[in-house]
Structures are given as structure tokens and as C-alpha cells.
Amino acid sequence: MNFIKNNLANAFTLGNLFSGCVGIVHLISGDYQTTAICIIISLILDFFDGFVARALGSSSNLGGQLDSLADMVSFGFLPGLTIFIAFVGNQYTDFPWYYYLGFLVTLFSCLRLAIFNLDEEQKYYFKGLNTPSNTILIFGLFYVYKESGNFSFLFENEIYLLIFTVISSWLLVSPIKMIAMKFKSKQLKDNYPKLALLIGGILILLIFKTTGIPLVIIYYILISLIFQKQLK
């Protein structure tokens, strides 16, 4: 029983990694729906590995290292590959070296995860955009574009896509404080940012449906900027 208790959270983490690997394979093959499902599974498992570890009192240095390594694949390599495929898919033959700039996201995701592991300040907020949110933003925009043609202005213009890649990479390591859904107290005034994020996010999804998924992340960034002073 102790073995299960001590390793259950790690099993969730490895499940996140496995799902990310499967998602990458289907992303390469052009099966974006399956990739979307894999990202959702990875997000769920990434949430529950920490939850299970805290609930069972089985947090460990090994678990922390595994979590970052799994996230590097599911929420680091996958979004970088998404932008790489977006460049290749539009065949910008005048600037073929642009393709590989998509992996700036992967490099900065790695840097962000390393910084997060060493930063003890980020308990009730994130410093910079977390890698799962960045993945939802990048793949969400790409998926909606492939499914409906929305956001074509971004994916059919190599300059705009390059600018987006640079901004996305910078956000990962930026000093901007981002809302974390961890409650420091039960007082309403301390949770205004979280309530604004939750209510606004639900409204965006209800109005825009699938298209609203990446828009929620954009709203998340904007609402975090508004509540900078309250995040501490």
C-alpha cells in the first residue's frame, strides 16, 4: 500500500507525459482532434498529480522533477511543434528558416519550467504565463484555424506568426504576475481576480464556444494585468 501511496501521483505525471507523446504523434500526422483530446488529458493529469501528492502526503523531489520533465513534452515541445507545423503548412518558401523559430516556444518553456522550480515566490500567483496556458493558447488558435478558418490573419502571414511566437515565448518568462487558482484566504476581496477570471472565462466559452478556448487565455492575461497589485 505504501508503494501505491508514494507513487500514485508519479503515475499521473507519467500519464501526462504519455498523453503528450501521443498528442505529438497525431499532431505530426495532422489528426488535430486527437491531439486536442491528448492535451485535455495531459491537463487533467497535470492538475491531479499535484492534488493527489498533497492529499496523500507523498510530495517528493522526484515528483517535482518528473512533473517538469513531463510538462516539457506536453506543454513545451508540443506547442513549439504546433508553430513549426503552422509555418511549414503555409509553405513560406521565401523564408524557410522561419519554420524552426517555432521552437523558440520550446526553448522558453524549458527556461520557464527551470525558473519555476527554483522560485519559491510563486505560491499564490504565477510569474509569467504558465506552460499549460501557453499550450492552450497556441494549439487552441491553430485548432480553431484548421477547423473553421478563424484567425487566418495570424496563420497565413509569416510576419504575424513570427511576432506571435516571440510574444508567446516572452510571456513565459516575463515578470508579469498571473492569476493562480489557489486561494490564500476565504475573504471575498482577496479573491476578486479569481472570480473575475472564472466568470469572464465562462461567459467567453458560452458565447464563442470552441473559438473561445484560446480567447479565454487572452482574457486571462488581460485580467491578470488589471489585477497586478492584488496578486501577492
# chains A, B, ... in the order shown; residues from 1 in each chain; ligands from 1

call {"tool": "residues_around", "arguments": {"residues": "Val25 of chain A", "least_positions_apart": "2", "cutoff": "12 Å", "atoms": "only C-alpha atoms", "output": "list in words"}}
result
Phe18, Ser19, Gly20, Cys21, Val22, Gly23, Leu27, Ile28, Ser29, Gly30, Asp31, Tyr32, Thr34, Thr35, Ala36, Cys38, Val73, Ser74, Phe77, Leu78, Leu81 and Thr82 of chain A

call {"tool": "residues_around", "arguments": {"residues": "Ala70 of chain A", "least_positions_apart": "5", "cutoff": "10 Å", "atoms": "only C-alpha atoms", "output": "NGL selection string"}}
result
:A and (13-21 or 42 or 46 or 65 or 75-76)

call {"tool": "select_by_dssp", "arguments": {"residues": "segment 3-129 of chain A", "states": "helix (DSSP H, G or I)", "output": "number ranges by chain"}}
result
A: 3-29, 32-56, 61-89, 96-118

call {"tool": "residues_around", "arguments": {"residues": "Val144 of chain A", "least_positions_apart": "2", "cutoff": "12 Å", "atoms": "only C-alpha atoms", "output": "PyMOL selection string"}}
result
chain A and resi 32-33+36+136-142+146-152+154-155+208-215

call {"tool": "atom_distance", "arguments": {"atom1": "atom CA of Phe12 of chain A", "atom2": "atom CA of Ala114 of chain A"}}
result
20.6 Å

call {"tool": "closest_residue", "arguments": {"among": "A:Ile85, A:Met72, A:Ile176, A:Ala196", "to": "Leu113 of chain A", "atoms": "only C-alpha atoms"}}
result
A:Met72

call {"tool": "select_by_dssp", "arguments": {"residues": "segment 4-228 of chain A", "states": "strand (DSSP E)", "output": "ChimeraX atom specification"}}
result
/A:125-127,177-179
